[in-house]
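> The following block contains the structure, expressed as structure tokens.
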Amino acid sequence: MEENVNNVQNENGGNEAANPIETDNLSSKTEQAAADVNEKVNEDEAIAEEQNDKKEKSGRSFFGKKSTKEDKLKQQIAELEAQTKELNEKFLHLYSEFDNYKKRTNKEKLELLSTASEKVIVSLLPIIDDFERAVVANENLEDLQVIKDGFVLIYNKMLQLLKRFDVDEIPAKGEIFDTDFHEAITHFPAPKEEDKGKVMEVTQKGYKIKNKVIRFSKVVVAN
């Protein structure tokens, strides 16, 4: 009987000794699991923080690029505006110079024309003086030859004056009719075959200054 009790006690004692070991193992597993959970949470937080940092960096990079493009565009616009202003100022300057040049040349042309007219008139005055003296002298002259010589003298002076101003008579009589120099007032049948198309008579002489026609010759042309 005592042996049975002892055996029971021994068995109970043995169970009591085994229970502390099992409790320690459970506590250790729980702590390990908690540690694993905390580690996992920390890892997730670290990953989330890293992703947020990447997003922030990406956003800063995007807006930084956008800001750089806007700055470049603003700089280009400012340069274009400066170039436009400079070109506008140059245009106004050139236009002003051209306007002044045009006014100056017009004034010079008017002065040249007035000067040329003055030269011609001054050159004609001596011939007018000759005419006046001839008129006075012819009042008491009876010799027609003297009067004729006086007219020839004045006429030659007039021709010399025209030569001084490069004025020449346009050849007409006996020449081939040329519309660049001649103006036909009438036509008549040619007396000879070789006279066809030629000027037969001159009713008014034509003149030119160098190569410029100032008056066409009025002529009669043979057909």
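Residues in the structure tokens are numbered from 1 in each chain, the chains being A, B, ... in the order shown, and ligands are numbered from 1 in the order shown.
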Tell me, which residues of region 126-185 of chain A carry DSSP strand (DSSP E), written as a PyMOL selection string?
chain A and resi 167-169+182-185
> Need to verify the contact set: region 148-153 of chain A, 10 Å, only C-alpha atoms, exclusion of same-chain residues closer than 3 positions in sequence. Can you return it as a VMD selection string?
chain A and resid 127 130 to 131 133 to 135 137 to 138 143 to 145 156 to 158
> From the list A:Leu113, A:Ile214, A:Ala82, A:Ala46, which residue is nearest Asp166 (chain A) when using only C-alpha atoms?
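Distance minimum relative to Asp166 (chain A) lands on A:Ile214.
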> Compile the contact shell of Ala184 (chain A) as number ranges by chain: residues with an atom at most 9 Å away, counting only C-alpha atoms, same-chain residues fewer than 6 positions apart removed.
A: 177, 199, 217-221
> Extract the full set of helix (DSSP H, G or I) residues from region 29-198 of chain A according to DSSP on the backbone, and format it as a PyMOL selection string.
chain A and resi 29-138+144-164+193-195
> Residues as selected, C-alpha atoms, written as a compact mmCIF listing (two decimals), in the first residue's frame, can you do that?

```txt
# COMPACT_ATOMS: atom_id res chain seq x y z
CA LYS A 29 7.88 30.23 -28.68
CA THR A 30 5.51 33.10 -27.97
CA GLU A 31 8.36 35.53 -27.60
CA GLN A 32 9.94 34.25 -30.82
CA ALA A 33 6.66 34.64 -32.67
CA ALA A 34 6.22 38.16 -31.31
CA ALA A 35 9.77 38.98 -32.33
CA ASP A 36 9.11 37.63 -35.83
CA VAL A 37 5.95 39.72 -36.09
CA ASN A 38 7.77 42.84 -34.93
CA GLU A 39 10.56 42.18 -37.41
CA LYS A 40 8.03 41.72 -40.23
CA VAL A 41 6.28 44.95 -39.25
CA ASN A 42 9.57 46.78 -39.15
CA GLU A 43 10.48 45.41 -42.58
CA ASP A 44 7.11 46.48 -44.00
CA GLU A 45 7.49 49.94 -42.50
CA ALA A 46 11.01 50.21 -43.91
CA ILE A 47 9.78 49.17 -47.40
CA ALA A 48 6.86 51.62 -47.21
CA GLU A 49 9.19 54.43 -46.10
CA GLU A 50 11.62 53.61 -48.92
CA GLN A 51 8.77 53.71 -51.46
CA ASN A 52 7.58 57.05 -50.10
CA ASP A 53 11.11 58.43 -50.38
CA LYS A 54 11.28 57.24 -54.00
CA LYS A 55 7.93 58.86 -54.77
CA GLU A 56 9.02 62.13 -53.18
CA LYS A 57 12.31 62.07 -55.09
CA SER A 58 10.48 61.24 -58.31
CA GLY A 59 8.05 64.11 -57.73
CA ARG A 60 10.87 66.52 -56.99
CA SER A 61 12.69 65.36 -60.14
CA PHE A 62 9.56 65.79 -62.29
CA PHE A 63 8.79 69.26 -61.01
CA GLY A 64 12.45 70.15 -61.23
CA LYS A 65 12.51 69.19 -64.93
CA LYS A 66 9.29 71.09 -65.54
CA SER A 67 10.72 74.14 -63.83
CA THR A 68 13.88 73.87 -65.94
CA LYS A 69 11.85 73.71 -69.20
CA GLU A 70 9.80 76.73 -68.19
CA ASP A 71 12.97 78.67 -67.40
CA LYS A 72 14.43 77.80 -70.81
CA LEU A 73 11.22 78.86 -72.58
CA LYS A 74 11.16 82.13 -70.65
CA GLN A 75 14.79 82.74 -71.56
CA GLN A 76 14.11 82.02 -75.27
CA ILE A 77 11.09 84.35 -75.25
CA ALA A 78 13.16 87.09 -73.62
CA GLU A 79 15.89 86.65 -76.26
CA LEU A 80 13.35 86.79 -79.10
CA GLU A 81 11.78 89.93 -77.66
CA ALA A 82 15.22 91.54 -77.41
CA GLN A 83 16.03 90.60 -81.04
CA THR A 84 12.65 91.92 -82.21
CA LYS A 85 13.24 95.20 -80.41
CA GLU A 86 16.71 95.53 -81.91
CA LEU A 87 15.46 94.78 -85.46
CA ASN A 88 12.60 97.25 -85.05
CA GLU A 89 15.03 99.97 -83.97
CA LYS A 90 17.29 99.20 -86.96
CA PHE A 91 14.30 99.33 -89.32
CA LEU A 92 13.18 102.70 -87.95
CA HIS A 93 16.72 104.02 -88.26
CA LEU A 94 17.07 102.83 -91.88
CA TYR A 95 13.61 104.15 -92.77
CA SER A 96 14.51 107.54 -91.32
CA GLU A 97 17.78 107.60 -93.26
CA PHE A 98 16.02 106.61 -96.49
CA ASP A 99 13.37 109.28 -96.00
CA ASN A 100 16.06 111.90 -95.44
CA TYR A 101 17.96 110.66 -98.52
CA LYS A 102 14.80 110.86 -100.66
CA LYS A 103 14.07 114.40 -99.51
CA ARG A 104 17.66 115.43 -100.12
CA THR A 105 17.82 113.93 -103.63
CA ASN A 106 14.47 115.49 -104.58
CA LYS A 107 15.75 118.84 -103.43
CA GLU A 108 18.97 118.36 -105.39
CA LYS A 109 16.99 117.44 -108.53
CA LEU A 110 14.86 120.56 -108.24
CA GLU A 111 17.96 122.67 -107.72
CA LEU A 112 19.64 121.00 -110.72
CA LEU A 113 16.64 121.65 -112.95
CA SER A 114 16.43 125.26 -111.86
CA THR A 115 20.17 125.66 -112.35
CA ALA A 116 20.01 124.09 -115.82
CA SER A 117 17.11 126.36 -116.79
CA GLU A 118 19.06 129.32 -115.47
CA LYS A 119 22.10 128.39 -117.57
CA VAL A 120 20.00 128.10 -120.72
CA ILE A 121 18.30 131.45 -120.12
CA VAL A 122 21.58 133.19 -119.33
CA SER A 123 23.03 131.75 -122.55
CA LEU A 124 20.03 133.00 -124.55
CA LEU A 125 20.30 136.58 -123.30
CA PRO A 126 23.17 137.58 -125.64
CA ILE A 127 21.19 136.30 -128.62
CA ILE A 128 18.18 138.36 -127.51
CA ASP A 129 20.49 141.35 -127.28
CA ASP A 130 21.56 140.71 -130.90
CA PHE A 131 17.95 140.55 -132.01
CA GLU A 132 17.17 143.84 -130.30
CA ARG A 133 20.16 145.56 -131.89
CA ALA A 134 19.21 144.12 -135.29
CA VAL A 135 15.64 145.42 -134.92
CA VAL A 136 16.92 148.92 -134.09
CA ALA A 137 19.48 148.86 -136.92
CA ASN A 138 17.01 147.58 -139.50
CA LEU A 144 18.61 143.82 -147.64
CA GLN A 145 21.89 141.91 -147.73
CA VAL A 146 22.98 143.43 -144.43
CA ILE A 147 19.69 142.40 -142.88
CA LYS A 148 20.07 138.87 -144.23
CA ASP A 149 23.64 138.63 -142.92
CA GLY A 150 22.43 139.79 -139.53
CA PHE A 151 19.80 137.06 -139.38
CA VAL A 152 22.33 134.43 -140.45
CA LEU A 153 24.72 135.62 -137.75
CA ILE A 154 22.07 135.34 -135.05
CA TYR A 155 20.97 131.94 -136.36
CA ASN A 156 24.52 130.59 -136.20
CA LYS A 157 24.86 131.85 -132.64
CA MET A 158 21.70 129.97 -131.75
CA LEU A 159 23.07 126.75 -133.27
CA GLN A 160 26.30 127.16 -131.31
CA LEU A 161 24.29 127.57 -128.13
CA LEU A 162 22.41 124.34 -128.85
CA LYS A 163 25.71 122.55 -129.41
CA ARG A 164 26.93 123.71 -126.01
CA GLU A 193 11.27 102.27 -156.26
CA GLU A 194 14.33 103.00 -154.14
CA ASP A 195 12.48 105.90 -152.42
```
> Mind pulling up the distance from CA of Met200 (chain A) to CA of Asp168 (chain A)?
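For CA of Asp168 (chain A) relative to CA of Met200 (chain A), the distance reads 20.4 Å.
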> Just the residues within 7 Å of Val167 (chain A), please, counting only C-alpha atoms, with nothing from its chain fewer than 6 positions along; format it as a list in words.
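Listing them by chain and then by number gives Tyr207, Lys208, Ile209 and Lys210 of chain A.
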